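Student: Below is one structure. I have some questions about it.
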4 protein chains.
Amino acid sequence: MHFASDNTSPVPPQVLEALIEVNHGYAMPYGADPTMTDVRDAIRKAFEAPEAAVYLVATGTAANALALACLCPPWATVYCHPQAHIEEDECAAPEFYTGGAKLTLVGGDDARMDPAALERALAFTARAGVHNVQKGALSITNATEAGAVYAPADVAALAAIARAHGLPVHMDGARFANALVSAGCTPAEMTWKAGVDVLSFGGTKNGLMGVEAVVLFDPARAWEFELRRKRGGHLFSKHRYLSAQMAAYLRDDLWLKLAARANDAAARLSTGIAALEGARLLHPTQANAVFAAWPRAGHVRAQAAGAQYYFWPMDQSLEGPGDAALSARLVCSWCTTDDEIDYFLSLLAD
Amino acid sequence: MHFASDNTSPVPPQVLEALIEVNHGYAMPYGADPTMTDVRDAIRKAFEAPEAAVYLVATGTAANALALACLCPPWATVYCHPQAHIEEDECAAPEFYTGGAKLTLVGGDDARMDPAALERALAFTARAGVHNVQKGALSITNATEAGAVYAPADVAALAAIARAHGLPVHMDGARFANALVSAGCTPAEMTWKAGVDVLSFGGTKNGLMGVEAVVLFDPARAWEFELRRKRGGHLFSKHRYLSAQMAAYLRDDLWLKLAARANDAAARLSTGIAALEGARLLHPTQANAVFAAWPRAGHVRAQAAGAQYYFWPMDQSLEGPGDAALSARLVCSWCTTDDEIDYFLSLLAD
Amino acid sequence: MHFASDNTSPVPPQVLEALIEVNHGYAMPYGADPTMTDVRDAIRKAFEAPEAAVYLVATGTAANALALACLCPPWATVYCHPQAHIEEDECAAPEFYTGGAKLTLVGGDDARMDPAALERALAFTARAGVHNVQKGALSITNATEAGAVYAPADVAALAAIARAHGLPVHMDGARFANALVSAGCTPAEMTWKAGVDVLSFGGTKNGLMGVEAVVLFDPARAWEFELRRKRGGHLFSKHRYLSAQMAAYLRDDLWLKLAARANDAAARLSTGIAALEGARLLHPTQANAVFAAWPRAGHVRAQAAGAQYYFWPMDQSLEGPGDAALSARLVCSWCTTDDEIDYFLSLLAD
Amino acid sequence: MHFASDNTSPVPPQVLEALIEVNHGYAMPYGADPTMTDVRDAIRKAFEAPEAAVYLVATGTAANALALACLCPPWATVYCHPQAHIEEDECAAPEFYTGGAKLTLVGGDDARMDPAALERALAFTARAGVHNVQKGALSITNATEAGAVYAPADVAALAAIARAHGLPVHMDGARFANALVSAGCTPAEMTWKAGVDVLSFGGTKNGLMGVEAVVLFDPARAWEFELRRKRGGHLFSKHRYLSAQMAAYLRDDLWLKLAARANDAAARLSTGIAALEGARLLHPTQANAVFAAWPRAGHVRAQAAGAQYYFWPMDQSLEGPGDAALSARLVCSWCTTDDEIDYFLSLLAD
């Protein structure tokens, strides 16, 4: 019963097998390994983007910050949701990599950016010319930090606004596979066909040890990206061990199967909680995370039995009088089992 | 016959086994995995430094740049050798991470910094007060980029000069194990006992997939390091896969055995080349790299047979009249075999 | 009838006379001119702060950004009001000078920060440890961008909260003289006695050509400030021309007299507008700026007669049906005359 | 007898008169003052560059660092002479403003860059691709820090090499007027006709209080420059006081007359010293600075009589046995008189 985060999970056997397989003989370093050619081809094919530039890094923060640095100059601002990982969870990595750009927070339900709010924020930006930061880039997260999913049309609506203001569009896809499976569309439909310029294509949360791809649909900034990656210390010498994991991830749709399993688990969990007396969902469950509140007694029983998850917001406490509902985030992963879920639900219901 | 770099090698079986072993169940992320506790204990014990702060990152550039950023403010300069990796091979990562500090180049034979040259450089620095960059930090590389090794007394001599000017000392130990085996001293003697404050403790070149430790012997800057690591995108969520590799590396002196094997291979290769007619060593072979020149015909034969290595400097060519000697860098690793070496030597001698 | 900004005003004759007086013979550069000694002494005396470090720069943005860079590390955040100059009007200079810190916006009426809102913001910061930016510094503006004034007790209340969280306190005093005259307290009461660590002491808006002092009440960071000033290109070689202006400003309380005149003008203007039918003040008039709304017809008449001021917010228009009130910002300066004001009021009233 | 630096001089009466003249009524801020239009027109006309973008800042460091930041990305390097002001005297301001670029030092006599050395440095740069910093920009100083002058043909030779490698060219013209008068050419011949893209056009050392122009012959980067200037805190609100000084400087060739006077003074001084027994010039005297060595006794007499200048290098001492020559830098300015010089020479000769 471990729902703390999808990043506490192990990796599936295919990933270990790929490491074993690639671990023979010498391989040229820094991305010149032959497996990286396979990865590049596979991603271009999956995204129907034969010109895309594809790079690997090891963390989502690196992927996002490097991507944004290529899109937003130091004197401009990135529009993102207040709950965005780049705002909340990266210790100002985007500010560091961009050389001191700002983040402008644009709200919306379920950590999805509201198009009207984006319009208002853009209208307000740079109204005093050189005295203000300029319009830089749009960054949206799919699936969102609240477990919701932008459909391709949602992405396109925001991207169209960005475009009208001359802004490039970044998608933080740390949970891209979960979003894609949920939306039931193609990778291309979710990204470049909807107006996305650069994608942080997550692998780590969905089953790899620490591998993310950055996909630049327009390769014009590829060389700049390579320089920024090196300069940030994110270019791996023994690159084959990143390539091998990503290759395994893409082979036979493993990435989609892992995400489907995680989403299914979350749906089962969400349905079960919603049916409990005194419980309610805080956000729709569209990907692999459930945000819900239920009475304190259920929390006490679950945690006594060893269940792990975060209160959301974190500053709640099991202690206290009465049986008011406490709210929590529960994240499922590729290895969450139905048995875990059912046992957890039984504890809540008891 | 692959002598291009130690970073083209595979990893030894113990590393893969460690990954397999750690890949079960859930583990808390971001360095809170239990294996990291083992790693921290093992490094503290190996270095006789029970207070040291120990962190893992995935690349040597990250280790160096983060360490230097903790030691050198933006308005100061890092003293390093002109051939230092931080000067030559990191695309200005130290400048990026420090927020724009400078590097002051201090020469010396075999990529070892000359103490007198360091004294001169320090005397010159900041002589015009606020108009100049200030004295920041000393960084030395052991083993050096020319395959030489600082003995503990050599380190102590440089560190004493740095101390006298109030400077902290960083050691780039991308090939620390090779230096240690060569010098035949303890880790403590090579580092904090000789005046080193922060060590980039290399794992990647010596057999890991991409894991380096940063060891801060004085933990006063530990929290700053943690923040800089996160902000640089170098904090791994599924951290156990770094920990497991480093734990295997330290277990049963694997790290020293791997380095000993690489050093022995380089010694065999060096001795063999030095005995050839028309050949000469460019630097003493003290670690796992050989720098040597030999007649063009030998290069032609070796490369025709598939040998891989870099001309050093790189702008030489196999083409051309006569049989002038061409110079090369040959790097051995833990997996270089005597057969490889002997066959290579036979080609040169033919 | 020029109310666009106090920065459109000329300088009083004393300032020109001081330039003429200092313009003879040679003077040592970079702050070593004898007049700077007078300035330092005068500021220390005025602030009852004999240990304070005092420096001159030429712009308010430089003063603020350099001060904040000394107080807030790159991985932390500065708490400021959403209307603060550092947030709204400096094109991310604080982000640039701090090396990529964030600004956390804390609201409150009349551009005064609400203490309860500050407490909430601080409670929210860094709740996830290394993943978040850390608590950096508090920055408040006095007089505020809405023409209001913090009394010493208001400053002390905010500073006490900051202190309790370990934060240093910066005051943007671009209009410090106006605030001081309004509050009727001493410079010490408004600053270090209330908990302010560093003051941007404005001269430009209140009658100088382009001179601001930065006063560090704790001189511990003085050398860092000097290095940052030089490195930012803000250290003047012919420094005597800054010193002379600031010396004249401080002599015989000129700075307070200029501010008193500007405040009196604003009070007269404010009282006049408030008495008009259909008019209302948007903020209390406590310093030298008036924020008010009045019927469109009055705007049409005033602007036809050449009155200059900004609509506030700027995106309003004289055109349009009906006689809805339009809101404006009117800034008075040391050279605003009663005649100007009365004529302007007559146009509105007509 | 004040030869410490041209920045210890006062300003000529025309500059004060211009300040008095412009000090009436209101003027729009931030460069929108009408005098700035005059300045822009005058510089465009003087340089035969009707499209040039022209901006004012207050210090030479700001002019250089802002210009270089527009020309060189963070992952590249600026080629400059080891004695260049940007390397020696700006506390790493270029590194700060570029976001962490490097400076590559290229030697040559009299602080003039040697074209062959530039070729060698360029051939060495980025030979290992992404691992190295890239070629960024060329920066040369005219007149040089050693009092020498590049003729237009010298500039063109270096600029042609830069162009061949795709590099833009910056000229640090802190003493541009002195160079121009010395070379006897037009401003256009010395700059854009010879391949210069951006000029730091000095005013301060040659008679202003603290005003430099940045001239971008290709206005494509004008908006970027404006944003960087604002963000660096170098945009003046009461801009008219910069404009007025620069307008006076350009009117009736005042700038050339001031420089001619300084150059003539240096020539007189240089000729006088060279004729002394035991004296010699260290560099040719081509602008307004003399670098010379003469016997210790002459230094003793001159300094006893109050002469001010720097030993060059600075770490020499009047004390000591014998009458070895000590070397010095002597800088003349627009206000150096023949009487001063002759009296000084008489002290040396005594």
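For the structure tokens, the naming scheme is as follows: chains receive sequential letters (A, B, ...) according to their order of presentation, residues are indexed from 1 within each chain, and ligands are indexed from 1 in presentation order.
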Ala162 of chain A: which residues within 10 Å, counting only C-alpha atoms, same-chain residues fewer than 5 positions away excluded, as an MDAnalysis selection string?
Tutor: chainID A and resid 79 115 118:119 122 135:139 156:157 167:169 195
Student: When you get a sec, could you note down which chain B residues fall within 10 Å of chain C, using only C-alpha atoms, as a PyMOL selection string?
Tutor: chain B and resi 30+73-76+97-100+129-134+223-224+226-231+235
Student: Quick one: residues within 9 Å of segment 298-312 of chain B, only C-alpha atoms, excluding same-chain residues fewer than 4 positions away - as a PDB file with all heavy atoms, in the first residue's frame?
Tutor:
ATOM      1  N   MET B   1      40.887  -3.673 -28.936  1.00  0.00           N
ATOM      2  CA  MET B   1      41.872  -2.596 -28.875  1.00  0.00           C
ATOM      3  C   MET B   1      41.175  -1.247 -28.828  1.00  0.00           C
ATOM      4  O   MET B   1      41.265  -0.451 -29.741  1.00  0.00           O
ATOM      5  CB  MET B   1      42.785  -2.683 -30.097  1.00  0.00           C
ATOM      6  CG  MET B   1      43.631  -3.949 -30.114  1.00  0.00           C
ATOM      7  SD  MET B   1      44.767  -3.905 -31.501  1.00  0.00           S
ATOM      8  CE  MET B   1      43.603  -3.829 -32.861  1.00  0.00           C
ATOM      9  N   HIS B   2      40.462  -1.021 -27.766  1.00  0.00           N
ATOM     10  CA  HIS B   2      39.721   0.221 -27.646  1.00  0.00           C
ATOM     11  C   HIS B   2      40.342   1.062 -26.535  1.00  0.00           C
ATOM     12  O   HIS B   2      40.129   0.799 -25.363  1.00  0.00           O
ATOM     13  CB  HIS B   2      38.247  -0.067 -27.350  1.00  0.00           C
ATOM     14  CG  HIS B   2      37.366   1.098 -27.616  1.00  0.00           C
ATOM     15  ND1 HIS B   2      36.525   1.182 -28.705  1.00  0.00           N
ATOM     16  CD2 HIS B   2      37.240   2.271 -26.962  1.00  0.00           C
ATOM     17  CE1 HIS B   2      35.899   2.336 -28.682  1.00  0.00           C
ATOM     18  NE2 HIS B   2      36.311   3.015 -27.633  1.00  0.00           N
ATOM     19  N   PHE B   3      41.087   2.054 -26.955  1.00  0.00           N
ATOM     20  CA  PHE B   3      41.776   2.909 -25.979  1.00  0.00           C
ATOM     21  C   PHE B   3      41.288   4.362 -26.068  1.00  0.00           C
ATOM     22  O   PHE B   3      41.976   5.284 -25.652  1.00  0.00           O
ATOM     23  CB  PHE B   3      43.295   2.856 -26.209  1.00  0.00           C
ATOM     24  CG  PHE B   3      43.867   1.462 -26.209  1.00  0.00           C
ATOM     25  CD1 PHE B   3      44.353   0.887 -27.382  1.00  0.00           C
ATOM     26  CD2 PHE B   3      43.903   0.715 -25.034  1.00  0.00           C
ATOM     27  CE1 PHE B   3      44.876  -0.399 -27.378  1.00  0.00           C
ATOM     28  CE2 PHE B   3      44.434  -0.579 -25.018  1.00  0.00           C
ATOM     29  CZ  PHE B   3      44.919  -1.142 -26.200  1.00  0.00           C
ATOM     30  N   ALA B   4      40.111   4.560 -26.636  1.00  0.00           N
ATOM     31  CA  ALA B   4      39.626   5.928 -26.840  1.00  0.00           C
ATOM     32  C   ALA B   4      39.405   6.642 -25.503  1.00  0.00           C
ATOM     33  O   ALA B   4      39.778   7.797 -25.324  1.00  0.00           O
ATOM     34  CB  ALA B   4      38.336   5.918 -27.658  1.00  0.00           C
ATOM     35  N   SER B   5      38.777   5.953 -24.589  1.00  0.00           N
ATOM     36  CA  SER B   5      38.543   6.560 -23.273  1.00  0.00           C
ATOM     37  C   SER B   5      38.064   5.484 -22.320  1.00  0.00           C
ATOM     38  O   SER B   5      37.505   4.471 -22.749  1.00  0.00           O
ATOM     39  CB  SER B   5      37.486   7.658 -23.360  1.00  0.00           C
ATOM     40  OG  SER B   5      37.165   8.119 -22.060  1.00  0.00           O
ATOM     41  N   PHE B 291      50.416   8.432 -22.743  1.00  0.00           N
ATOM     42  CA  PHE B 291      50.616   9.468 -23.752  1.00  0.00           C
ATOM     43  C   PHE B 291      51.966   9.195 -24.397  1.00  0.00           C
ATOM     44  O   PHE B 291      52.998   9.263 -23.734  1.00  0.00           O
ATOM     45  CB  PHE B 291      50.588  10.854 -23.117  1.00  0.00           C
ATOM     46  CG  PHE B 291      49.245  11.207 -22.564  1.00  0.00           C
ATOM     47  CD1 PHE B 291      48.818  10.702 -21.350  1.00  0.00           C
ATOM     48  CD2 PHE B 291      48.378  12.034 -23.267  1.00  0.00           C
ATOM     49  CE1 PHE B 291      47.564  11.019 -20.841  1.00  0.00           C
ATOM     50  CE2 PHE B 291      47.121  12.355 -22.763  1.00  0.00           C
ATOM     51  CZ  PHE B 291      46.720  11.845 -21.554  1.00  0.00           C
ATOM     52  N   ALA B 292      51.923   8.886 -25.682  1.00  0.00           N
ATOM     53  CA  ALA B 292      53.160   8.463 -26.335  1.00  0.00           C
ATOM     54  C   ALA B 292      53.146   8.841 -27.799  1.00  0.00           C
ATOM     55  O   ALA B 292      52.091   9.076 -28.390  1.00  0.00           O
ATOM     56  CB  ALA B 292      53.336   6.948 -26.188  1.00  0.00           C
ATOM     57  N   TRP B 294      54.851   7.570 -31.574  1.00  0.00           N
ATOM     58  CA  TRP B 294      55.602   6.528 -32.285  1.00  0.00           C
ATOM     59  C   TRP B 294      55.422   6.757 -33.778  1.00  0.00           C
ATOM     60  O   TRP B 294      54.527   7.512 -34.189  1.00  0.00           O
ATOM     61  CB  TRP B 294      55.163   5.122 -31.843  1.00  0.00           C
ATOM     62  CG  TRP B 294      53.735   4.771 -32.150  1.00  0.00           C
ATOM     63  CD1 TRP B 294      53.250   4.235 -33.307  1.00  0.00           C
ATOM     64  CD2 TRP B 294      52.598   4.942 -31.287  1.00  0.00           C
ATOM     65  NE1 TRP B 294      51.900   4.063 -33.223  1.00  0.00           N
ATOM     66  CE2 TRP B 294      51.468   4.472 -31.993  1.00  0.00           C
ATOM     67  CE3 TRP B 294      52.430   5.432 -29.982  1.00  0.00           C
ATOM     68  CZ2 TRP B 294      50.181   4.491 -31.443  1.00  0.00           C
ATOM     69  CZ3 TRP B 294      51.154   5.446 -29.441  1.00  0.00           C
ATOM     70  CH2 TRP B 294      50.054   4.981 -30.164  1.00  0.00           C
ATOM     71  N   GLN B 316      46.291  15.947 -35.667  1.00  0.00           N
ATOM     72  CA  GLN B 316      47.288  15.260 -36.477  1.00  0.00           C
ATOM     73  C   GLN B 316      46.573  14.361 -37.482  1.00  0.00           C
ATOM     74  O   GLN B 316      45.387  14.109 -37.357  1.00  0.00           O
ATOM     75  CB  GLN B 316      48.206  14.422 -35.572  1.00  0.00           C
ATOM     76  CG  GLN B 316      48.935  15.267 -34.539  1.00  0.00           C
ATOM     77  CD  GLN B 316      49.620  14.406 -33.475  1.00  0.00           C
ATOM     78  OE1 GLN B 316      50.725  13.941 -33.661  1.00  0.00           O
ATOM     79  NE2 GLN B 316      48.917  14.181 -32.387  1.00  0.00           N
ATOM     80  N   SER B 317      47.335  13.853 -38.419  1.00  0.00           N
ATOM     81  CA  SER B 317      46.695  13.055 -39.455  1.00  0.00           C
ATOM     82  C   SER B 317      47.582  11.883 -39.853  1.00  0.00           C
ATOM     83  O   SER B 317      48.809  11.989 -39.884  1.00  0.00           O
ATOM     84  CB  SER B 317      46.415  13.936 -40.677  1.00  0.00           C
ATOM     85  OG  SER B 317      46.077  13.122 -41.780  1.00  0.00           O
ATOM     86  N   LEU B 318      46.920  10.788 -40.135  1.00  0.00           N
ATOM     87  CA  LEU B 318      47.636   9.595 -40.620  1.00  0.00           C
ATOM     88  C   LEU B 318      48.296   9.853 -41.963  1.00  0.00           C
ATOM     89  O   LEU B 318      49.326   9.255 -42.295  1.00  0.00           O
ATOM     90  CB  LEU B 318      46.664   8.423 -40.798  1.00  0.00           C
ATOM     91  CG  LEU B 318      46.527   7.415 -39.659  1.00  0.00           C
ATOM     92  CD1 LEU B 318      45.818   6.191 -40.174  1.00  0.00           C
ATOM     93  CD2 LEU B 318      47.871   7.047 -39.074  1.00  0.00           C
ATOM     94  N   LEU B 326      53.804  10.348 -34.574  1.00  0.00           N
ATOM     95  CA  LEU B 326      52.532  10.992 -34.230  1.00  0.00           C
ATOM     96  C   LEU B 326      52.239  10.661 -32.771  1.00  0.00           C
ATOM     97  O   LEU B 326      52.509   9.546 -32.309  1.00  0.00           O
ATOM     98  CB  LEU B 326      51.407  10.449 -35.115  1.00  0.00           C
ATOM     99  CG  LEU B 326      51.573  10.667 -36.621  1.00  0.00           C
ATOM    100  CD1 LEU B 326      50.478   9.936 -37.389  1.00  0.00           C
ATOM    101  CD2 LEU B 326      51.535  12.164 -36.942  1.00  0.00           C
ATOM    102  N   SER B 327      51.670  11.609 -32.080  1.00  0.00           N
ATOM    103  CA  SER B 327      51.442  11.384 -30.650  1.00  0.00           C
ATOM    104  C   SER B 327      49.985  11.033 -30.379  1.00  0.00           C
ATOM    105  O   SER B 327      49.075  11.504 -31.075  1.00  0.00           O
ATOM    106  CB  SER B 327      51.866  12.610 -29.837  1.00  0.00           C
ATOM    107  OG  SER B 327      51.255  13.772 -30.338  1.00  0.00           O
ATOM    108  N   ALA B 328      49.759  10.243 -29.351  1.00  0.00           N
ATOM    109  CA  ALA B 328      48.429   9.709 -29.091  1.00  0.00           C
ATOM    110  C   ALA B 328      48.176   9.572 -27.602  1.00  0.00           C
ATOM    111  O   ALA B 328      49.099   9.526 -26.793  1.00  0.00           O
ATOM    112  CB  ALA B 328      48.279   8.337 -29.745  1.00  0.00           C
ATOM    113  N   ARG B 329      46.896   9.535 -27.281  1.00  0.00           N
ATOM    114  CA  ARG B 329      46.465   9.198 -25.919  1.00  0.00           C
ATOM    115  C   ARG B 329      45.796   7.837 -25.954  1.00  0.00           C
ATOM    116  O   ARG B 329      44.912   7.589 -26.782  1.00  0.00           O
ATOM    117  CB  ARG B 329      45.464  10.235 -25.412  1.00  0.00           C
ATOM    118  CG  ARG B 329      45.074  10.017 -23.961  1.00  0.00           C
ATOM    119  CD  ARG B 329      43.939  10.923 -23.524  1.00  0.00           C
ATOM    120  NE  ARG B 329      42.648  10.416 -23.993  1.00  0.00           N
ATOM    121  CZ  ARG B 329      41.475  10.784 -23.484  1.00  0.00           C
ATOM    122  NH1 ARG B 329      41.417  11.674 -22.516  1.00  0.00           N
ATOM    123  NH2 ARG B 329      40.337  10.291 -23.960  1.00  0.00           N
ATOM    124  N   LEU B 330      46.210   6.967 -25.066  1.00  0.00           N
ATOM    125  CA  LEU B 330      45.642   5.617 -24.987  1.00  0.00           C
ATOM    126  C   LEU B 330      45.169   5.410 -23.554  1.00  0.00           C
ATOM    127  O   LEU B 330      45.964   5.448 -22.616  1.00  0.00           O
ATOM    128  CB  LEU B 330      46.716   4.578 -25.317  1.00  0.00           C
ATOM    129  CG  LEU B 330      47.432   4.742 -26.672  1.00  0.00           C
ATOM    130  CD1 LEU B 330      48.745   3.979 -26.670  1.00  0.00           C
ATOM    131  CD2 LEU B 330      46.525   4.261 -27.789  1.00  0.00           C
ATOM    132  N   VAL B 331      43.884   5.179 -23.404  1.00  0.00           N
ATOM    133  CA  VAL B 331      43.338   5.031 -22.054  1.00  0.00           C
ATOM    134  C   VAL B 331      42.911   3.594 -21.826  1.00  0.00           C
ATOM    135  O   VAL B 331      42.194   3.014 -22.657  1.00  0.00           O
ATOM    136  CB  VAL B 331      42.140   5.973 -21.829  1.00  0.00           C
ATOM    137  CG1 VAL B 331      41.730   5.974 -20.364  1.00  0.00           C
ATOM    138  CG2 VAL B 331      42.481   7.381 -22.284  1.00  0.00           C
ATOM    139  N   PHE B 344      47.992  -5.171 -29.795  1.00  0.00           N
ATOM    140  CA  PHE B 344      48.223  -3.788 -30.214  1.00  0.00           C
ATOM    141  C   PHE B 344      49.729  -3.511 -30.329  1.00  0.00           C
ATOM    142  O   PHE B 344      50.196  -2.950 -31.334  1.00  0.00           O
ATOM    143  CB  PHE B 344      47.583  -2.840 -29.186  1.00  0.00           C
ATOM    144  CG  PHE B 344      47.731  -1.383 -29.505  1.00  0.00           C
ATOM    145  CD1 PHE B 344      46.982  -0.789 -30.512  1.00  0.00           C
ATOM    146  CD2 PHE B 344      48.641  -0.593 -28.807  1.00  0.00           C
ATOM    147  CE1 PHE B 344      47.126   0.565 -30.803  1.00  0.00           C
ATOM    148  CE2 PHE B 344      48.787   0.752 -29.089  1.00  0.00           C
ATOM    149  CZ  PHE B 344      48.023   1.329 -30.098  1.00  0.00           C
ATOM    150  N   LEU B 345      50.478  -3.927 -29.353  1.00  0.00           N
ATOM    151  CA  LEU B 345      51.931  -3.706 -29.387  1.00  0.00           C
ATOM    152  C   LEU B 345      52.562  -4.434 -30.567  1.00  0.00           C
ATOM    153  O   LEU B 345      53.486  -3.924 -31.213  1.00  0.00           O
ATOM    154  CB  LEU B 345      52.566  -4.168 -28.074  1.00  0.00           C
ATOM    155  CG  LEU B 345      52.256  -3.299 -26.840  1.00  0.00           C
ATOM    156  CD1 LEU B 345      52.753  -3.984 -25.564  1.00  0.00           C
ATOM    157  CD2 LEU B 345      52.888  -1.921 -26.983  1.00  0.00           C
ATOM    158  N   SER B 346      52.028  -5.616 -30.858  1.00  0.00           N
ATOM    159  CA  SER B 346      52.608  -6.373 -31.979  1.00  0.00           C
ATOM    160  C   SER B 346      52.383  -5.643 -33.293  1.00  0.00           C
ATOM    161  O   SER B 346      53.219  -5.674 -34.198  1.00  0.00           O
ATOM    162  CB  SER B 346      51.995  -7.769 -32.022  1.00  0.00           C
ATOM    163  OG  SER B 346      50.663  -7.700 -32.523  1.00  0.00           O
ATOM    164  N   LEU B 347      51.250  -4.956 -33.375  1.00  0.00           N
ATOM    165  CA  LEU B 347      50.973  -4.194 -34.593  1.00  0.00           C
ATOM    166  C   LEU B 347      51.938  -3.016 -34.716  1.00  0.00           C
ATOM    167  O   LEU B 347      52.422  -2.694 -35.808  1.00  0.00           O
ATOM    168  CB  LEU B 347      49.533  -3.673 -34.570  1.00  0.00           C
ATOM    169  CG  LEU B 347      48.455  -4.752 -34.720  1.00  0.00           C
ATOM    170  CD1 LEU B 347      47.099  -4.199 -34.315  1.00  0.00           C
ATOM    171  CD2 LEU B 347      48.408  -5.248 -36.163  1.00  0.00           C
ATOM    172  N   LEU B 348      52.197  -2.365 -33.596  1.00  0.00           N
ATOM    173  CA  LEU B 348      53.124  -1.231 -33.641  1.00  0.00           C
ATOM    174  C   LEU B 348      54.533  -1.686 -34.010  1.00  0.00           C
ATOM    175  O   LEU B 348      55.262  -1.000 -34.734  1.00  0.00           O
ATOM    176  CB  LEU B 348      53.179  -0.523 -32.275  1.00  0.00           C
ATOM    177  CG  LEU B 348      51.891   0.037 -31.690  1.00  0.00           C
ATOM    178  CD1 LEU B 348      52.225   1.036 -30.587  1.00  0.00           C
ATOM    179  CD2 LEU B 348      51.039   0.710 -32.752  1.00  0.00           C
ATOM    180  N   ALA B 349      54.901  -2.838 -33.493  1.00  0.00           N
ATOM    181  CA  ALA B 349      56.276  -3.296 -33.632  1.00  0.00           C
ATOM    182  C   ALA B 349      56.556  -3.904 -34.991  1.00  0.00           C
ATOM    183  O   ALA B 349      57.713  -3.977 -35.420  1.00  0.00           O
ATOM    184  CB  ALA B 349      56.580  -4.330 -32.549  1.00  0.00           C
ATOM    185  N   ASP B 350      55.493  -4.305 -35.601  1.00  0.00           N
ATOM    186  CA  ASP B 350      55.628  -5.102 -36.834  1.00  0.00           C
ATOM    187  C   ASP B 350      56.628  -4.493 -37.821  1.00  0.00           C
ATOM    188  O   ASP B 350      56.380  -3.459 -38.388  1.00  0.00           O
ATOM    189  CB  ASP B 350      54.251  -5.202 -37.493  1.00  0.00           C
ATOM    190  CG  ASP B 350      54.310  -6.154 -38.652  1.00  0.00           C
ATOM    191  OD1 ASP B 350      55.276  -6.955 -38.730  1.00  0.00           O
ATOM    192  OD2 ASP B 350      53.400  -6.082 -39.501  1.00  0.00           O
TER     193      ASP B 350
END
Student: Would you list, as a ChimeraX atom specification, the residues of segment 188-249 of chain C that end up in helix (DSSP H, G or I) under DSSP run on this structure's backbone?
Tutor: /C:188-190,192-194,219-231,240-249
Student: Check the DSSP output for the backbone and give back, as a PyMOL selection string, the residues of segment 145-340 of chain B in strand (DSSP E or B).
Tutor: chain B and resi 169-173+198-202+212-216+280-281+289-295+308+310-311+325-331
Student: Ranking D:Ala63, D:Cys335, D:Leu68, D:Ala146 by minimum distance to Ser200 of chain D and counting only C-alpha atoms, which one comes first?
Tutor: D:Ala63
Student: Go ahead and compute the interatomic distance for atom CA of Asp89 of chain A and atom CA of Phe217 of chain A, in Å to one decimal.
Tutor: 25.9 Å
Student: Extract, using only C-alpha atoms, all DNA, RNA and protein residues at most 6 Å from segment 183-192 of chain D, discarding same-chain residues fewer than 4 positions from it, and format them as a list in words.
Tutor: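 My list of contacting residues is Phe47, Ala151, Pro152 and Val196 of chain D.
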Student: Please identify all polymer residues within 10 Å of Ala289 of chain A, counting only C-alpha atoms, omitting same-chain residues fewer than 6 positions from it, and present them as a list in words.
Tutor: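 In the requested form, the answer reads Phe3, Ser5, Asp6, Ala143, Thr144, Glu145, Ala146, Gly147, Ala148, Asn178, Ala262, Asn263, Ala265, Ala266, Ala267, Leu269, Ser270, His283, Arg329, Leu330, Val331, Cys332 and Ser333 of chain A.
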